[in-house]
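The file upload22.tsv comes next; it holds TSV, C-alpha atoms and all ligand atoms.
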chain	number	residue	atom	x	y	z
M	1	MET	CA	-22.60	17.01	18.96
M	2	VAL	CA	-24.11	20.29	20.10
M	3	ILE	CA	-25.42	22.91	17.68
M	4	VAL	CA	-25.52	26.46	19.00
M	5	MET	CA	-27.98	28.68	17.08
M	6	ARG	CA	-27.34	32.41	16.58
M	7	PRO	CA	-29.10	34.79	19.00
M	8	PHE	CA	-32.69	35.20	17.86
M	9	ALA	CA	-32.47	32.51	15.18
M	10	THR	CA	-35.89	32.17	13.60
M	11	LYS	CA	-38.29	29.26	14.18
M	12	LYS	CA	-37.87	28.37	10.54
M	13	GLU	CA	-34.09	28.11	10.91
M	14	VAL	CA	-34.38	25.96	14.04
M	15	GLY	CA	-36.99	23.81	12.29
M	16	ALA	CA	-34.69	23.25	9.32
M	17	VAL	CA	-31.86	22.06	11.61
M	18	LEU	CA	-34.23	19.69	13.46
M	19	ALA	CA	-35.51	18.31	10.15
M	20	ARG	CA	-31.97	17.65	8.93
M	21	ILE	CA	-31.12	15.84	12.19
M	22	GLU	CA	-34.13	13.55	11.77
M	23	GLU	CA	-33.48	13.05	8.08
M	24	LEU	CA	-30.07	11.59	8.96
M	25	GLY	CA	-31.56	9.25	11.57
M	26	TYR	CA	-30.49	11.11	14.73
M	27	ARG	CA	-32.62	12.44	17.58
M	28	ALA	CA	-32.58	16.08	18.65
M	29	HIS	CA	-32.66	17.52	22.14
M	30	LEU	CA	-33.88	21.11	22.11
M	31	SER	CA	-32.92	23.60	24.80
M	32	GLN	CA	-34.60	26.94	24.27
M	33	GLY	CA	-33.50	30.02	26.26
M	34	VAL	CA	-34.79	33.56	25.92
M	35	GLU	CA	-32.20	34.58	23.38
M	36	ARG	CA	-30.66	31.36	22.21
M	37	THR	CA	-31.52	27.84	21.19
M	38	ILE	CA	-29.09	24.99	21.65
M	39	ILE	CA	-29.69	21.63	19.95
M	40	GLY	CA	-28.11	18.40	21.12
M	41	VAL	CA	-27.70	15.74	18.42
M	42	ILE	CA	-28.19	12.29	19.93
M	43	GLY	CA	-26.49	9.30	18.27
M	44	ASP	CA	-22.98	8.44	17.07
M	45	GLU	CA	-21.72	11.79	15.81
M	46	ARG	CA	-18.45	10.49	14.33
M	47	PRO	CA	-19.68	10.35	10.74
M	48	LEU	CA	-21.01	13.93	10.96
M	49	ASP	CA	-18.97	16.86	9.65
M	50	PRO	CA	-19.40	19.92	11.93
M	51	ALA	CA	-18.47	22.25	9.04
M	52	ALA	CA	-21.48	21.06	7.03
M	53	TRP	CA	-23.82	21.89	9.93
M	54	GLU	CA	-22.28	25.32	10.34
M	55	MET	CA	-23.42	26.05	6.79
M	56	LEU	CA	-27.09	25.84	7.77
M	57	GLU	CA	-28.92	29.17	8.19
M	58	GLY	CA	-29.01	30.44	11.76
M	59	VAL	CA	-26.25	28.15	13.09
M	60	GLU	CA	-23.49	29.91	15.01
M	61	ASN	CA	-21.19	27.04	15.85
M	62	VAL	CA	-21.05	23.30	16.34
M	63	VAL	CA	-19.22	21.50	19.15
M	64	ARG	CA	-18.15	17.88	19.00
M	65	ILE	CA	-18.63	15.87	22.17
M	66	LEU	CA	-17.03	12.57	21.20
M	67	LYS	CA	-13.46	12.05	20.06
M	68	PRO	CA	-13.22	11.19	16.38
M	69	TYR	CA	-11.64	7.80	17.22
M	70	LYS	CA	-13.30	5.08	19.22
M	71	LEU	CA	-11.57	1.66	19.43
M	72	THR	CA	-8.28	3.38	20.22
M	73	SER	CA	-9.69	5.53	23.02
M	74	ARG	CA	-9.31	4.91	26.71
M	75	GLU	CA	-13.02	5.56	27.20
M	76	PHE	CA	-13.79	2.56	25.01
M	77	HIS	CA	-11.18	0.34	26.69
M	78	PRO	CA	-10.15	1.70	30.12
M	79	GLU	CA	-7.56	-1.03	30.87
M	80	ASN	CA	-4.08	-0.84	29.34
M	81	THR	CA	-3.67	-3.11	26.33
M	82	VAL	CA	-0.84	-5.55	27.03
M	83	ILE	CA	0.65	-7.27	23.98
M	84	THR	CA	2.30	-10.53	24.98
M	85	LEU	CA	4.75	-12.15	22.60
M	86	ASN	CA	6.86	-15.13	23.53
M	87	GLY	CA	6.79	-14.20	27.21
M	88	VAL	CA	7.57	-10.50	26.59
M	89	ALA	CA	4.72	-8.24	27.73
M	90	ILE	CA	4.50	-4.83	26.06
M	91	GLY	CA	2.28	-2.27	27.82
M	92	GLY	CA	2.38	-3.99	31.23
M	93	ASP	CA	4.30	-2.99	34.34
M	94	SER	CA	7.71	-3.50	32.84
M	95	ILE	CA	9.33	-1.40	30.15
M	96	VAL	CA	10.64	-3.12	27.04
M	97	VAL	CA	13.81	-2.15	25.21
M	98	MET	CA	14.06	-2.74	21.46
M	99	ALA	CA	17.50	-2.17	20.00
M	100	GLY	CA	19.57	-2.79	16.92
M	101	PRO	CA	20.96	-1.08	13.84
M	102	CYS	CA	19.05	1.33	11.65
M	103	SER	CA	19.68	-1.05	8.71
M	104	VAL	CA	20.76	-4.66	8.39
M	105	GLU	CA	24.01	-4.55	6.45
M	106	SER	CA	25.49	-8.04	6.60
M	107	ARG	CA	25.24	-11.36	8.47
M	108	ALA	CA	28.27	-10.54	10.63
M	109	GLN	CA	26.95	-7.07	11.46
M	110	ILE	CA	23.46	-8.11	12.55
M	111	HIS	CA	24.69	-11.14	14.52
M	112	GLU	CA	27.27	-9.10	16.38
M	113	ILE	CA	24.77	-6.35	17.21
M	114	ALA	CA	22.06	-8.85	18.22
M	115	HIS	CA	24.47	-10.41	20.73
M	116	MET	CA	25.52	-6.99	22.00
M	117	VAL	CA	21.99	-5.73	22.64
M	118	LYS	CA	20.85	-9.03	24.10
M	119	ALA	CA	23.74	-9.07	26.55
M	120	ALA	CA	22.87	-5.51	27.60
M	121	GLY	CA	19.24	-6.44	28.35
M	122	ALA	CA	17.19	-5.74	25.20
M	123	THR	CA	14.36	-8.17	24.50
M	124	ILE	CA	13.52	-7.13	20.93
M	125	LEU	CA	15.92	-6.74	17.99
M	126	ARG	CA	15.26	-3.86	15.59
M	127	GLY	CA	16.65	-3.46	12.09
M	128	GLY	CA	15.52	-2.22	8.72
M	129	ALA	CA	15.59	-4.34	5.57
M	130	PHE	CA	13.30	-2.05	3.57
M	131	LYS	CA	14.49	1.50	4.21
M	132	PRO	CA	12.29	4.47	3.30
M	133	ARG	CA	15.14	6.97	2.78
M	134	THR	CA	14.64	10.67	2.13
M	135	SER	CA	17.05	10.49	-0.82
M	136	PRO	CA	16.65	7.87	-3.58
M	137	TYR	CA	20.47	7.69	-3.72
M	138	SER	CA	20.87	6.61	-0.07
M	139	PHE	CA	21.14	2.94	0.92
M	140	GLN	CA	17.67	1.45	0.47
M	141	GLY	CA	18.14	-1.70	2.54
M	142	MET	CA	18.90	-5.34	1.75
M	143	GLY	CA	15.28	-6.37	1.13
M	144	GLU	CA	14.28	-10.01	1.71
M	145	PRO	CA	17.85	-11.27	2.39
M	146	GLY	CA	17.95	-8.65	5.17
M	147	LEU	CA	14.74	-10.07	6.65
M	148	GLN	CA	16.28	-13.54	6.63
M	149	LEU	CA	19.38	-12.29	8.41
M	150	LEU	CA	17.31	-10.45	11.02
M	151	ARG	CA	15.29	-13.60	11.71
M	152	GLU	CA	18.43	-15.69	11.98
M	153	ALA	CA	20.07	-13.23	14.41
M	154	ALA	CA	16.88	-12.94	16.49
M	155	ASP	CA	16.57	-16.72	16.73
M	156	ALA	CA	20.25	-17.15	17.56
M	157	THR	CA	19.89	-14.79	20.53
M	158	GLY	CA	16.30	-15.52	21.61
M	159	LEU	CA	15.19	-11.98	20.81
M	160	LEU	CA	11.92	-10.95	19.22
M	161	MET	CA	12.27	-8.94	16.02
M	162	VAL	CA	10.69	-5.73	14.72
M	163	THR	CA	11.24	-4.44	11.19
M	164	GLU	CA	9.61	-1.91	8.92
M	165	VAL	CA	7.22	-2.66	6.09
M	166	VAL	CA	6.84	0.08	3.48
M	167	SER	CA	4.23	-1.21	1.07
M	168	PRO	CA	0.92	-3.06	1.39
M	169	MET	CA	2.10	-5.69	-1.12
M	170	GLU	CA	5.04	-6.61	1.08
M	171	VAL	CA	3.05	-7.08	4.31
M	172	PRO	CA	2.71	-10.89	3.86
M	173	LEU	CA	6.44	-11.21	3.11
M	174	VAL	CA	7.59	-9.12	6.09
M	175	ALA	CA	5.04	-10.86	8.34
M	176	GLN	CA	6.64	-14.22	7.49
M	177	TYR	CA	9.86	-13.09	9.18
M	178	ALA	CA	8.98	-10.39	11.72
M	179	ASP	CA	7.36	-10.64	15.15
M	180	ILE	CA	6.29	-6.98	15.01
M	181	LEU	CA	5.57	-4.93	11.89
M	182	GLN	CA	6.89	-1.37	12.01
M	183	LEU	CA	5.15	1.44	10.14
M	184	GLY	CA	7.48	4.39	9.69
M	185	THR	CA	6.91	8.09	10.13
M	186	ARG	CA	6.65	8.62	6.37
M	187	ASN	CA	3.85	6.08	6.13
M	188	MET	CA	1.68	6.94	9.11
M	189	GLN	CA	-1.06	8.12	6.79
M	190	ASN	CA	-0.56	5.54	4.05
M	191	TYR	CA	-4.10	4.24	4.27
M	192	SER	CA	-3.67	1.17	2.09
M	193	LEU	CA	-0.71	0.16	4.28
M	194	LEU	CA	-2.73	0.78	7.47
M	195	HIS	CA	-5.47	-1.38	5.97
M	196	ALA	CA	-3.01	-4.16	5.08
M	197	VAL	CA	-1.39	-4.32	8.53
M	198	GLY	CA	-4.88	-4.15	10.03
M	199	GLU	CA	-5.54	-7.49	8.38
M	200	ALA	CA	-2.18	-9.01	9.32
M	201	HIS	CA	-1.89	-11.31	12.31
M	202	LYS	CA	1.12	-9.57	13.77
M	203	PRO	CA	1.45	-6.72	16.28
M	204	VAL	CA	2.19	-3.31	14.78
M	205	LEU	CA	4.54	-0.54	15.93
M	206	LEU	CA	3.02	2.61	14.46
M	207	LYS	CA	5.34	5.61	14.37
M	208	ARG	CA	4.00	9.12	14.57
M	209	GLY	CA	4.20	11.09	11.33
M	210	MET	CA	6.91	13.73	11.64
M	211	SER	CA	4.35	16.49	11.09
M	212	SER	CA	1.31	14.77	12.56
M	213	THR	CA	-0.70	15.68	15.60
M	214	ILE	CA	-1.39	13.28	18.45
M	215	GLU	CA	-4.98	13.03	17.25
M	216	GLU	CA	-3.86	12.13	13.73
M	217	LEU	CA	-1.61	9.40	15.17
M	218	LEU	CA	-4.56	7.96	17.07
M	219	MET	CA	-6.76	8.15	13.97
M	220	ALA	CA	-4.10	6.19	12.05
M	221	ALA	CA	-4.09	3.59	14.86
M	222	GLU	CA	-7.89	3.52	14.62
M	223	TYR	CA	-7.59	2.41	10.97
M	224	ILE	CA	-5.54	-0.61	12.04
M	225	LEU	CA	-7.87	-1.52	14.93
M	226	SER	CA	-10.94	-1.04	12.78
M	227	HIS	CA	-9.58	-3.63	10.33
M	228	GLY	CA	-9.44	-6.17	13.14
M	229	ASN	CA	-5.87	-5.91	14.47
M	230	TYR	CA	-5.96	-4.75	18.09
M	231	ARG	CA	-2.26	-5.37	18.79
M	232	VAL	CA	-0.96	-1.89	18.04
M	233	MET	CA	1.64	0.22	19.85
M	234	VAL	CA	2.05	3.91	19.09
M	235	CYS	CA	5.50	5.48	18.90
M	236	GLU	CA	6.66	9.04	19.51
M	237	ARG	CA	9.77	9.50	17.35
M	238	GLY	CA	10.16	13.26	17.28
M	239	ILE	CA	8.36	15.86	15.25
M	240	ARG	CA	9.34	18.72	12.94
M	241	THR	CA	9.76	22.06	14.64
M	242	PHE	CA	11.78	25.20	13.86
M	243	GLU	CA	14.73	23.71	15.78
M	244	THR	CA	17.57	22.50	13.57
M	245	TYR	CA	20.19	21.61	16.19
M	246	THR	CA	18.51	18.24	16.66
M	247	ARG	CA	17.14	16.08	13.82
M	248	ASN	CA	13.62	16.27	15.28
M	249	THR	CA	12.08	17.49	18.52
M	250	LEU	CA	11.10	14.79	20.99
M	251	ASP	CA	7.54	15.67	21.96
M	252	ILE	CA	7.76	14.46	25.53
M	253	ASN	CA	4.25	15.82	26.18
M	254	ALA	CA	2.95	13.23	23.76
M	255	VAL	CA	3.87	10.42	26.16
M	256	PRO	CA	1.54	11.30	29.08
M	257	ALA	CA	-1.03	12.68	26.60
M	258	LEU	CA	-1.12	9.38	24.68
M	259	LYS	CA	-1.29	7.41	27.95
M	260	GLN	CA	-4.34	9.48	28.87
M	261	LEU	CA	-6.08	9.23	25.51
M	262	THR	CA	-5.41	5.62	24.55
M	263	HIS	CA	-5.06	2.18	26.11
M	264	LEU	CA	-2.40	1.18	23.55
M	265	PRO	CA	1.25	0.81	24.64
M	266	VAL	CA	3.35	3.94	24.07
M	267	ILE	CA	6.91	3.53	22.77
M	268	VAL	CA	9.54	6.27	22.39
M	269	ASP	CA	12.31	6.39	19.77
M	270	PRO	CA	15.00	8.71	21.18
M	271	SER	CA	17.38	7.94	18.29
M	272	HIS	CA	15.31	9.48	15.49
M	273	ALA	CA	13.91	12.09	17.88
M	274	THR	CA	17.37	13.54	18.57
M	275	GLY	CA	19.56	12.42	15.66
M	276	LYS	CA	22.58	12.67	17.99
M	277	ARG	CA	23.89	9.78	19.99
M	278	GLU	CA	25.07	11.98	22.84
M	279	LEU	CA	21.45	13.02	23.47
M	280	VAL	CA	19.91	9.55	23.33
M	281	ASP	CA	20.59	8.69	26.96
M	282	ALA	CA	18.91	11.80	28.41
M	283	ALA	CA	15.97	11.52	26.01
M	284	SER	CA	15.50	7.86	27.00
M	285	ARG	CA	15.52	8.72	30.70
M	286	ALA	CA	12.98	11.47	30.07
M	287	ALA	CA	10.76	9.04	28.12
M	288	ILE	CA	10.72	6.52	30.95
M	289	ALA	CA	10.10	9.21	33.54
M	290	ALA	CA	7.19	10.48	31.42
M	291	GLY	CA	5.53	7.05	31.38
M	292	ALA	CA	6.67	5.32	28.18
M	293	ASP	CA	6.08	1.56	27.98
M	294	GLY	CA	9.12	0.94	25.83
M	295	LEU	CA	12.04	2.35	23.89
M	296	ILE	CA	13.37	1.63	20.41
M	297	ILE	CA	17.05	2.49	20.10
M	298	GLU	CA	19.62	2.39	17.32
M	299	VAL	CA	22.82	0.53	18.23
M	300	HIS	CA	25.69	-0.29	15.87
M	301	ASN	CA	28.95	-2.23	16.21
M	302	HIS	CA	30.73	0.46	14.12
M	303	PRO	CA	28.56	3.61	14.13
M	304	GLU	CA	31.14	5.52	12.08
M	305	ARG	CA	30.78	2.96	9.28
M	306	ALA	CA	27.00	2.51	9.44
M	307	LEU	CA	25.18	2.67	6.09
M	308	SER	CA	22.41	4.73	7.72
M	309	ASP	CA	21.95	6.81	10.88
M	310	GLY	CA	25.44	6.22	12.33
M	311	ALA	CA	25.44	9.64	14.05
M	312	GLN	CA	22.51	8.67	16.24
M	313	SER	CA	23.61	5.07	16.87
M	314	LEU	CA	25.08	4.04	20.22
M	315	THR	CA	27.98	1.63	20.51
M	316	GLY	CA	27.30	-1.61	22.38
M	317	GLU	CA	29.15	-0.24	25.42
M	318	GLN	CA	27.23	3.01	25.46
M	319	PHE	CA	23.98	1.08	25.14
M	320	ALA	CA	24.84	-1.31	27.98
M	321	ALA	CA	25.79	1.56	30.30
M	322	MET	CA	22.61	3.41	29.41
M	323	VAL	CA	20.36	0.41	30.11
M	324	LYS	CA	21.77	0.26	33.65
M	325	ARG	CA	20.93	3.92	34.23
M	326	LEU	CA	17.47	3.45	32.72
M	327	ALA	CA	16.73	0.63	35.14
M	328	ARG	CA	17.17	3.10	38.00
M	329	VAL	CA	14.85	5.66	36.40
M	330	ALA	CA	12.25	2.93	35.85
M	331	GLU	CA	12.45	2.03	39.52
M	332	ALA	CA	12.00	5.66	40.50
M	333	VAL	CA	8.65	5.71	38.69
M	334	ASP	CA	7.54	2.35	40.10
M	335	ARG	CA	8.26	0.38	36.94
M	336	ARG	CA	11.05	-1.96	35.98
M	337	LEU	CA	12.97	-2.71	32.82
M	338	ALA	CA	12.04	-6.02	31.20
M	339	VAL	CA	15.58	-7.28	30.92
M	340	GLY	CA	16.21	-10.41	28.87
M	341	GLU	CA	18.38	-13.27	30.07
M	342	PRO	CA	21.97	-12.85	28.86
M	343	VAL	CA	22.69	-15.15	25.94
M	344	VAL	CA	25.13	-18.01	26.37
M	345	ALA	CA	27.25	-18.87	23.32
I	401	LIG	C1	13.67	3.63	11.55
I	401	LIG	O1	13.17	3.22	12.61
I	401	LIG	O2	14.75	3.20	11.09
I	401	LIG	C2	13.02	4.73	10.84
I	401	LIG	C3	13.22	4.93	9.54
I	401	LIG	O3	12.25	5.49	11.64
I	401	LIG	P1	11.25	6.70	11.29
I	401	LIG	O4	10.19	6.11	10.40
I	401	LIG	O5	10.75	7.12	12.62
I	401	LIG	O6	12.08	7.77	10.61
I	402	MN	MN	17.19	4.96	11.39

Would you encode the structure as structure tokens?
Amino acid sequence: MVIVMRPFATKKEVGAVLARIEELGYRAHLSQGVERTIIGVIGDERPLDPAAWEMLEGVENVVRILKPYKLTSREFHPENTVITLNGVAIGGDSIVVMAGPCSVESRAQIHEIAHMVKAAGATILRGGAFKPRTSPYSFQGMGEPGLQLLREAADATGLLMVTEVVSPMEVPLVAQYADILQLGTRNMQNYSLLHAVGEAHKPVLLKRGMSSTIEELLMAAEYILSHGNYRVMVCERGIRTFETYTRNTLDINAVPALKQLTHLPVIVDPSHATGKRELVDAASRAAIAAGADGLIIEVHNHPERALSDGAQSLTGEQFAAMVKRLARVAEAVDRRLAVGEPVVA
């Protein structure tokens, strides 16, 4: 951190800043010009609050040098983090596709969709059993029976499975069934939940809060890493803007920005980002072109009858056709799609 003193700050004012630096156990590096004094604070500045230093007499402004997150940053860990699960590598050269319904609705529904997405090349089945809905009157998910059905369908098709957990108390239960724990946009800053998944022994898919900055997303990831769980992927799922034509605005900038700032795999959710199934294909292609390590896509056997998010869900056919096009985009950016073996049975 660098403290810039006001022009002609008095010796007494400079002395008081130096004393405060020492009092807190840091070292000071003084640079005295004719008009101005600049003080470098040496030591880990993360616990320091620049605003508190700006309150000291004679201080003009305070500049942070380090990012406020550490374990999550690329400086701390220059190599990409690759999360390997059952032979599927997330964050490596190939791009993973997670797909499935917004919500698990029945055994027949999840089995049919699991087979559809597997045949089209997905390697991870998505589906919600605990649904954090905006309205308390909307379908809230099947709960534990839904988790059982997801596990069954994943095992029947040889897919991995990702599902959302909405409360810290339910982390052990969801972790019994899921391969990857999803934290939704509404819970990105639920600190007790971040703490709980930080102590779980399962990878985490952390979705960006709909009104959160990239830095806030990385700080949320830092909570999970700092509790000992390093297997975290961050997910851009669209943010709130003034635009109402689409459900959210896909922040495509976030993809290369996150790749620059963090070593964690970056996933894009074009379904929630657009809210319209006719836009999902283009948004997915853009995500891959921008450097995403994976996609999470809503697919339904009967979108018009879905209990949640039907309007943004692709049919199996649409999904299969899209995956083929995505493979070509991946190739164009020197990547490839991690396509699963088609299921027999
Ligand atoms: C979901 O993936 O079904 C979901 C609820 O996503 P989000 O938290 O991004 O809205
Ligand atoms: Mn959904």

Protein, DNA and RNA residues within 9 Å of (-1.0, 0.3, 6.8), only C-alpha atoms, as a PyMOL selection string: chain M and resi 165-168+171+183+187-198+206+220+223-224

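CA of Glu79 in chain M is found 24.8 Å from CA of Val162 in chain M.
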
Selection within 8 Å of ligand LIG 401 (chain I) by all atoms listed in the file, output as number ranges by chain: M: 102-103, 126-128, 131-133, 164, 182-187, 207-210, 237-238, 269, 272-273, 296, 298

Separation of CA of Lys202 in chain M from CA of Asp293 in chain M in Å: 18.7 Å

Write out as a PDB file with C-alpha atoms, in the coordinates of the input which residues come within 7 Å of Leu125 in chain M when counting all atoms listed in the file, dropping same-chain ones fewer than 6 positions away.
ATOM      1  CA  MET M  98      14.060  -2.740  21.460  1.00  0.00           C
ATOM      2  CA  ALA M  99      17.500  -2.170  20.000  1.00  0.00           C
ATOM      3  CA  GLY M 100      19.570  -2.790  16.920  1.00  0.00           C
ATOM      4  CA  ALA M 114      22.060  -8.850  18.220  1.00  0.00           C
ATOM      5  CA  ALA M 154      16.880 -12.940  16.490  1.00  0.00           C
ATOM      6  CA  LEU M 159      15.190 -11.980  20.810  1.00  0.00           C
ATOM      7  CA  LEU M 160      11.920 -10.950  19.220  1.00  0.00           C
ATOM      8  CA  MET M 161      12.270  -8.940  16.020  1.00  0.00           C
ATOM      9  CA  VAL M 162      10.690  -5.730  14.720  1.00  0.00           C
TER      10      VAL M 162
END

Among the residues M:Gly25, M:Gly158, M:Gly310, M:Pro145, the one that comes closest to ligand MN 402 (chain I) [using only C-alpha atoms and all ligand atoms]: M:Gly310

Which residue of M:Leu307, M:Val62, M:Asp179, M:Lys67 approaches Asn86 in chain M most closely, using all atoms listed in the file: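 The shortest atom-to-atom distance to Asn86 in chain M comes from M:Asp179.
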
d(CA of Gly316 in chain M, CA of Gln140 in chain M) in Å: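 Spanning CA of Gly316 in chain M to CA of Gln140 in chain M is a straight-line distance of 24.1 Å.
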
For range 251-259 of chain M, which lacks atoms in the input, supply all heavy atoms and format the output as a compact mmCIF listing (two decimals), in the coordinates of the input.
# COMPACT_ATOMS: atom_id res chain seq x y z
N ASP M 251 8.72 15.08 21.33
CA ASP M 251 7.54 15.67 21.96
C ASP M 251 7.25 14.85 23.22
O ASP M 251 6.46 13.91 23.19
CB ASP M 251 6.36 15.65 20.98
CG ASP M 251 5.11 16.26 21.57
OD1 ASP M 251 5.19 16.84 22.68
OD2 ASP M 251 4.04 16.17 20.93
N ILE M 252 7.90 15.23 24.29
CA ILE M 252 7.76 14.46 25.53
C ILE M 252 6.33 14.56 26.06
O ILE M 252 5.82 13.63 26.69
CB ILE M 252 8.84 14.91 26.56
CG1 ILE M 252 9.06 13.83 27.61
CG2 ILE M 252 8.52 16.23 27.22
CD1 ILE M 252 9.87 12.66 27.13
N ASN M 253 5.66 15.67 25.76
CA ASN M 253 4.25 15.82 26.18
C ASN M 253 3.39 14.71 25.62
O ASN M 253 2.37 14.33 26.20
CB ASN M 253 3.64 17.11 25.62
CG ASN M 253 4.31 18.35 26.12
OD1 ASN M 253 5.07 18.28 27.07
ND2 ASN M 253 4.04 19.48 25.49
N ALA M 254 3.78 14.23 24.43
CA ALA M 254 2.95 13.23 23.76
C ALA M 254 2.85 11.95 24.60
O ALA M 254 1.85 11.23 24.50
CB ALA M 254 3.53 12.90 22.38
N VAL M 255 3.87 11.69 25.42
CA VAL M 255 3.87 10.42 26.16
C VAL M 255 2.72 10.39 27.19
O VAL M 255 1.83 9.53 27.09
CB VAL M 255 5.25 10.14 26.79
CG1 VAL M 255 5.22 8.86 27.60
CG2 VAL M 255 6.33 10.09 25.72
N PRO M 256 2.68 11.34 28.15
CA PRO M 256 1.54 11.30 29.08
C PRO M 256 0.20 11.58 28.37
O PRO M 256 -0.83 11.03 28.77
CB PRO M 256 1.86 12.39 30.11
CG PRO M 256 2.90 13.25 29.48
CD PRO M 256 3.65 12.38 28.52
N ALA M 257 0.23 12.39 27.31
CA ALA M 257 -1.03 12.68 26.60
C ALA M 257 -1.56 11.39 25.97
O ALA M 257 -2.74 11.06 26.10
CB ALA M 257 -0.80 13.75 25.54
N LEU M 258 -0.67 10.64 25.32
CA LEU M 258 -1.12 9.38 24.68
C LEU M 258 -1.59 8.39 25.74
O LEU M 258 -2.59 7.69 25.54
CB LEU M 258 0.01 8.77 23.85
CG LEU M 258 0.29 9.47 22.51
CD1 LEU M 258 1.63 9.03 21.92
CD2 LEU M 258 -0.85 9.22 21.51
N LYS M 259 -0.89 8.34 26.88
CA LYS M 259 -1.29 7.41 27.95
C LYS M 259 -2.69 7.76 28.46
O LYS M 259 -3.46 6.87 28.83
CB LYS M 259 -0.30 7.43 29.12
CG LYS M 259 1.05 6.82 28.84
CD LYS M 259 1.03 5.38 28.37
CE LYS M 259 0.54 4.38 29.40
NZ LYS M 259 0.51 2.99 28.84
